[in-house]
Amino acid sequence: MNNPFGLTKELIIEIMTEVAIKIGYLKMQLIDEYEITLSNKNLSEIVSKIIEKSASVILSKRLFYEVKCAKSDQESDLFFTKINLPLEIKATSTTTAWTGGEFSKRPFDHLLVSWDPETFEHFFVCLVHLKKEDWQSNISKNYYGPSYNKKKLFGRKDKMIFMGNLIKKGNKIKMIRENPNKSFQDL
């Protein structure tokens with residue numbers, strides 16, 4: 001895959017390390033302390049916002065130009081000002097599929113992230129360009145969000161996996177998530 005963003009495994013590990021720390025604080029100081037129960041959908045939205053903000057700060061610092069994070073739903077999740085390109089982030093707590101916007105018609109490069117809802121410390125992160133036709137509509141199932149599953153992702157030759165892996169075992173595709181701190185030690 002073409003990677004005009006300059007993303008590297010090292011940058012992604014740095015971002016996800018920061019994300020794991022921030023989610024850890026959220027879990028410890030809010031969720032555990034006050035026994036608050038949030039759905040994985042709510043948590044995915046929070047995790048996405050933490051990824052956006054952490055990526056914006058770290059990438060702006062490391063790439064030496066501003067990478068903006070979205071201030072509203074109408075803006076792309078990240079916008080790389082020097083190269084004038086958007087990057088969408090889709091986060092899920094599952095190891096099966098990501099959910100997109102049913103009525104989004106623009107093709108985008110996506111950073112697909114899967115996070116572990118048990119530990120908040122393990123991630124799968126992949127860059128891939130997705131068009132509207134890549135997403136499977138779920139309107140007929142009375143569900144608003146189209147999905148993009150790991151089997152489709154596994155078959156893509158143009159994907160860039162930064163953390164974790166997809167492994168074929170028989171007829172099944174298994175997603176492996178990694179702890180960014182352990183990944184960093186492997187560099």
# chains A, B, ... in the order shown; residues from 1 in each chain; ligands from 1
>>> closest_atom_pairs(of="range 63-158 of chain A", to="range 20-28 of chain A", cutoff="9 Å", atoms="only C-alpha atoms", output="JSON lines")
{"residue": "A:Thr119", "atom": "CA", "partner": "A:Gly24", "partner_atom": "CA", "distance": 8.5}
{"residue": "A:Phe120", "atom": "CA", "partner": "A:Ala20", "partner_atom": "CA", "distance": 6.2}
{"residue": "A:Glu121", "atom": "CA", "partner": "A:Ala20", "partner_atom": "CA", "distance": 5.3}
{"residue": "A:His122", "atom": "CA", "partner": "A:Ala20", "partner_atom": "CA", "distance": 8.1}
>>> residues_around(residues="Tyr65 in chain A", least_positions_apart="2", cutoff="10 Å", atoms="only C-alpha atoms", output="list in words")
Leu59, Ser60, Lys61, Arg62, Leu63, Val67, Lys68, Phe80, Thr81, Lys82 and Ile83 of chain A
>>> write_last_selection(atoms="N, CA and C atoms", output="PDB file, in the first residue's frame")
ATOM      1  N   LEU A  59       2.180  12.619  15.999  1.00  0.00           N
ATOM      2  CA  LEU A  59       2.550  12.760  14.585  1.00  0.00           C
ATOM      3  C   LEU A  59       2.991  14.187  14.266  1.00  0.00           C
ATOM      4  N   SER A  60       2.318  15.182  14.825  1.00  0.00           N
ATOM      5  CA  SER A  60       2.729  16.572  14.592  1.00  0.00           C
ATOM      6  C   SER A  60       4.162  16.779  15.074  1.00  0.00           C
ATOM      7  N   LYS A  61       4.478  16.216  16.209  1.00  0.00           N
ATOM      8  CA  LYS A  61       5.818  16.346  16.786  1.00  0.00           C
ATOM      9  C   LYS A  61       6.863  15.572  15.969  1.00  0.00           C
ATOM     10  N   ARG A  62       6.552  14.361  15.572  1.00  0.00           N
ATOM     11  CA  ARG A  62       7.521  13.496  14.888  1.00  0.00           C
ATOM     12  C   ARG A  62       7.663  13.797  13.391  1.00  0.00           C
ATOM     13  N   LEU A  63       6.589  14.261  12.753  1.00  0.00           N
ATOM     14  CA  LEU A  63       6.637  14.544  11.315  1.00  0.00           C
ATOM     15  C   LEU A  63       7.012  15.997  11.027  1.00  0.00           C
ATOM     16  N   VAL A  67      -0.625  17.777  12.216  1.00  0.00           N
ATOM     17  CA  VAL A  67      -1.611  16.746  11.892  1.00  0.00           C
ATOM     18  C   VAL A  67      -2.796  17.043  12.810  1.00  0.00           C
ATOM     19  N   LYS A  68      -3.882  17.502  12.202  1.00  0.00           N
ATOM     20  CA  LYS A  68      -5.056  17.942  12.964  1.00  0.00           C
ATOM     21  C   LYS A  68      -5.959  16.758  13.296  1.00  0.00           C
ATOM     22  N   PHE A  80      -3.653  15.484   7.606  1.00  0.00           N
ATOM     23  CA  PHE A  80      -2.224  15.740   7.454  1.00  0.00           C
ATOM     24  C   PHE A  80      -2.058  17.000   6.598  1.00  0.00           C
ATOM     25  N   THR A  81      -1.753  18.131   7.243  1.00  0.00           N
ATOM     26  CA  THR A  81      -1.789  19.432   6.582  1.00  0.00           C
ATOM     27  C   THR A  81      -0.743  19.583   5.485  1.00  0.00           C
ATOM     28  N   LYS A  82       0.438  19.053   5.667  1.00  0.00           N
ATOM     29  CA  LYS A  82       1.507  19.228   4.674  1.00  0.00           C
ATOM     30  C   LYS A  82       1.182  18.517   3.358  1.00  0.00           C
ATOM     31  N   ILE A  83       0.551  17.366   3.449  1.00  0.00           N
ATOM     32  CA  ILE A  83       0.243  16.581   2.238  1.00  0.00           C
ATOM     33  C   ILE A  83      -1.222  16.684   1.844  1.00  0.00           C
TER      34      ILE A  83
END
>>> closest_atom_pairs(of="range 85-179 of chain A", to="range 34-40 of chain A", cutoff="10 Å", atoms="only C-alpha atoms", output="JSON lines")
{"residue": "A:Thr92", "atom": "CA", "partner": "A:Asn40", "partner_atom": "CA", "distance": 8.0}
{"residue": "A:Ser93", "atom": "CA", "partner": "A:Asn40", "partner_atom": "CA", "distance": 6.5}
{"residue": "A:Thr94", "atom": "CA", "partner": "A:Asn40", "partner_atom": "CA", "distance": 8.9}
{"residue": "A:Pro117", "atom": "CA", "partner": "A:Asn40", "partner_atom": "CA", "distance": 7.4}
>>> write_last_selection(atoms="all heavy atoms", output="PDB file, in the first residue's frame")
ATOM      1  N   THR A  92     -12.555  -0.879  17.061  1.00  0.00           N
ATOM      2  CA  THR A  92     -13.514  -1.890  17.481  1.00  0.00           C
ATOM      3  C   THR A  92     -12.934  -2.690  18.631  1.00  0.00           C
ATOM      4  O   THR A  92     -11.714  -2.845  18.744  1.00  0.00           O
ATOM      5  CB  THR A  92     -13.888  -2.837  16.321  1.00  0.00           C
ATOM      6  OG1 THR A  92     -14.904  -3.744  16.757  1.00  0.00           O
ATOM      7  CG2 THR A  92     -12.701  -3.638  15.825  1.00  0.00           C
ATOM      8  N   SER A  93     -13.815  -3.210  19.467  1.00  0.00           N
ATOM      9  CA  SER A  93     -13.377  -4.091  20.542  1.00  0.00           C
ATOM     10  C   SER A  93     -13.471  -5.552  20.096  1.00  0.00           C
ATOM     11  O   SER A  93     -13.078  -6.442  20.834  1.00  0.00           O
ATOM     12  CB  SER A  93     -14.231  -3.875  21.797  1.00  0.00           C
ATOM     13  OG  SER A  93     -15.583  -4.198  21.518  1.00  0.00           O
ATOM     14  N   THR A  94     -13.983  -5.772  18.901  1.00  0.00           N
ATOM     15  CA  THR A  94     -14.113  -7.147  18.409  1.00  0.00           C
ATOM     16  C   THR A  94     -12.860  -7.555  17.637  1.00  0.00           C
ATOM     17  O   THR A  94     -12.019  -6.718  17.304  1.00  0.00           O
ATOM     18  CB  THR A  94     -15.325  -7.311  17.471  1.00  0.00           C
ATOM     19  OG1 THR A  94     -15.030  -6.712  16.201  1.00  0.00           O
ATOM     20  CG2 THR A  94     -16.579  -6.684  18.053  1.00  0.00           C
ATOM     21  N   PRO A 117     -10.967  -5.318  25.048  1.00  0.00           N
ATOM     22  CA  PRO A 117     -11.840  -4.734  26.076  1.00  0.00           C
ATOM     23  C   PRO A 117     -11.571  -5.262  27.487  1.00  0.00           C
ATOM     24  O   PRO A 117     -12.090  -4.721  28.454  1.00  0.00           O
ATOM     25  CB  PRO A 117     -13.247  -5.112  25.607  1.00  0.00           C
ATOM     26  CG  PRO A 117     -13.055  -6.350  24.802  1.00  0.00           C
ATOM     27  CD  PRO A 117     -11.700  -6.218  24.156  1.00  0.00           C
TER      28      PRO A 117
END
>>> atom_distance(atom1="CA of Ile173 in chain A", atom2="CA of Trp98 in chain A")
14.9 Å
>>> residues_around(residues="Val128 in chain A", least_positions_apart="6", cutoff="8 Å", atoms="only C-alpha atoms", output="NGL selection string")
:A and (1 or 109-112 or 158-160)
>>> write_last_selection(atoms="N, CA, C and O atoms", output="PDB file, in the first residue's frame")
ATOM      1  N   MET A   1       0.846  -1.187   0.000  1.00  0.00           N
ATOM      2  CA  MET A   1       0.000   0.000   0.000  1.00  0.00           C
ATOM      3  C   MET A   1       0.882   1.237   0.000  1.00  0.00           C
ATOM      4  O   MET A   1       1.908   1.288   0.658  1.00  0.00           O
ATOM      5  N   ASP A 109      -8.302   6.520   3.187  1.00  0.00           N
ATOM      6  CA  ASP A 109      -7.370   5.621   3.846  1.00  0.00           C
ATOM      7  C   ASP A 109      -7.870   5.507   5.282  1.00  0.00           C
ATOM      8  O   ASP A 109      -8.322   6.488   5.873  1.00  0.00           O
ATOM      9  N   HIS A 110      -7.824   4.287   5.795  1.00  0.00           N
ATOM     10  CA  HIS A 110      -8.323   4.016   7.147  1.00  0.00           C
ATOM     11  C   HIS A 110      -7.232   3.380   7.996  1.00  0.00           C
ATOM     12  O   HIS A 110      -6.512   2.503   7.525  1.00  0.00           O
ATOM     13  N   LEU A 111      -7.171   3.802   9.224  1.00  0.00           N
ATOM     14  CA  LEU A 111      -6.380   3.123  10.225  1.00  0.00           C
ATOM     15  C   LEU A 111      -7.388   2.277  11.004  1.00  0.00           C
ATOM     16  O   LEU A 111      -8.234   2.820  11.724  1.00  0.00           O
ATOM     17  N   LEU A 112      -7.336   0.975  10.790  1.00  0.00           N
ATOM     18  CA  LEU A 112      -8.249   0.057  11.468  1.00  0.00           C
ATOM     19  C   LEU A 112      -7.583  -0.411  12.751  1.00  0.00           C
ATOM     20  O   LEU A 112      -6.471  -0.943  12.723  1.00  0.00           O
ATOM     21  N   ASP A 158      -2.798  -4.864  -0.365  1.00  0.00           N
ATOM     22  CA  ASP A 158      -2.333  -3.493  -0.174  1.00  0.00           C
ATOM     23  C   ASP A 158      -2.429  -3.003   1.271  1.00  0.00           C
ATOM     24  O   ASP A 158      -2.227  -1.831   1.540  1.00  0.00           O
ATOM     25  N   LYS A 159      -2.681  -3.882   2.206  1.00  0.00           N
ATOM     26  CA  LYS A 159      -2.770  -3.474   3.613  1.00  0.00           C
ATOM     27  C   LYS A 159      -1.372  -3.370   4.221  1.00  0.00           C
ATOM     28  O   LYS A 159      -0.436  -4.022   3.779  1.00  0.00           O
ATOM     29  N   MET A 160      -1.254  -2.521   5.249  1.00  0.00           N
ATOM     30  CA  MET A 160      -0.009  -2.409   6.023  1.00  0.00           C
ATOM     31  C   MET A 160      -0.359  -2.655   7.483  1.00  0.00           C
ATOM     32  O   MET A 160      -1.030  -1.827   8.098  1.00  0.00           O
TER      33      MET A 160
END
>>> closest_residue(among="A:Trp135, A:Ile15, A:Pro4, A:Leu30", to="Ile50 in chain A", atoms="only C-alpha atoms")
A:Ile15
>>> residues_around(residues="Pro86 in chain A", least_positions_apart="6", cutoff="9 Å", atoms="only C-alpha atoms", output="compact mmCIF listing (two decimals) with all heavy atoms, in the first residue's frame")
# COMPACT_ATOMS: atom_id res chain seq x y z
N GLU A 75 -15.61 16.43 10.07
CA GLU A 75 -14.20 16.47 9.70
C GLU A 75 -13.60 15.06 9.72
O GLU A 75 -14.10 14.19 10.44
CB GLU A 75 -13.41 17.34 10.69
CG GLU A 75 -13.83 18.78 10.69
CD GLU A 75 -13.09 19.59 11.74
OE1 GLU A 75 -13.01 19.15 12.90
OE2 GLU A 75 -12.60 20.67 11.38
N SER A 76 -12.55 14.87 8.93
CA SER A 76 -11.86 13.58 8.97
C SER A 76 -11.19 13.45 10.33
O SER A 76 -10.86 14.44 10.98
CB SER A 76 -10.85 13.47 7.84
OG SER A 76 -9.94 14.55 7.87
N ASP A 77 -11.00 12.20 10.77
CA ASP A 77 -10.44 11.96 12.10
C ASP A 77 -9.07 12.59 12.26
O ASP A 77 -8.77 13.20 13.27
CB ASP A 77 -10.37 10.45 12.37
CG ASP A 77 -11.76 9.83 12.43
OD1 ASP A 77 -12.71 10.53 12.81
OD2 ASP A 77 -11.89 8.65 12.07
N LEU A 78 -8.23 12.43 11.23
CA LEU A 78 -6.92 13.08 11.20
C LEU A 78 -6.77 13.77 9.86
O LEU A 78 -7.22 13.24 8.84
CB LEU A 78 -5.78 12.08 11.39
CG LEU A 78 -5.66 11.40 12.74
CD1 LEU A 78 -4.56 10.34 12.71
CD2 LEU A 78 -5.40 12.40 13.86
N PHE A 79 -6.13 14.92 9.86
CA PHE A 79 -5.86 15.60 8.60
C PHE A 79 -4.39 16.01 8.58
O PHE A 79 -3.93 16.76 9.44
CB PHE A 79 -6.76 16.82 8.40
CG PHE A 79 -6.61 17.42 7.04
CD1 PHE A 79 -7.20 16.83 5.94
CD2 PHE A 79 -5.84 18.57 6.85
CE1 PHE A 79 -7.04 17.36 4.66
CE2 PHE A 79 -5.67 19.10 5.58
CZ PHE A 79 -6.27 18.50 4.48
N PHE A 80 -3.65 15.48 7.61
CA PHE A 80 -2.22 15.74 7.45
C PHE A 80 -2.06 17.00 6.60
O PHE A 80 -2.23 16.96 5.38
CB PHE A 80 -1.54 14.53 6.81
CG PHE A 80 -1.50 13.33 7.71
CD1 PHE A 80 -2.66 12.62 8.03
CD2 PHE A 80 -0.30 12.90 8.24
CE1 PHE A 80 -2.62 11.52 8.87
CE2 PHE A 80 -0.24 11.79 9.09
CZ PHE A 80 -1.41 11.10 9.40
N PHE A 108 -11.49 6.64 1.54
CA PHE A 108 -10.47 7.13 2.46
C PHE A 108 -9.47 6.05 2.79
O PHE A 108 -9.77 4.86 2.73
CB PHE A 108 -11.10 7.57 3.79
CG PHE A 108 -11.75 8.90 3.78
CD1 PHE A 108 -13.11 9.01 3.99
CD2 PHE A 108 -11.02 10.05 3.57
CE1 PHE A 108 -13.73 10.25 4.01
CE2 PHE A 108 -11.63 11.30 3.58
CZ PHE A 108 -12.99 11.39 3.80
N ASP A 109 -8.30 6.52 3.19
CA ASP A 109 -7.37 5.62 3.85
C ASP A 109 -7.87 5.51 5.28
O ASP A 109 -8.32 6.49 5.87
CB ASP A 109 -5.95 6.20 3.81
CG ASP A 109 -5.38 6.18 2.39
OD1 ASP A 109 -5.45 5.11 1.75
OD2 ASP A 109 -4.88 7.22 1.94
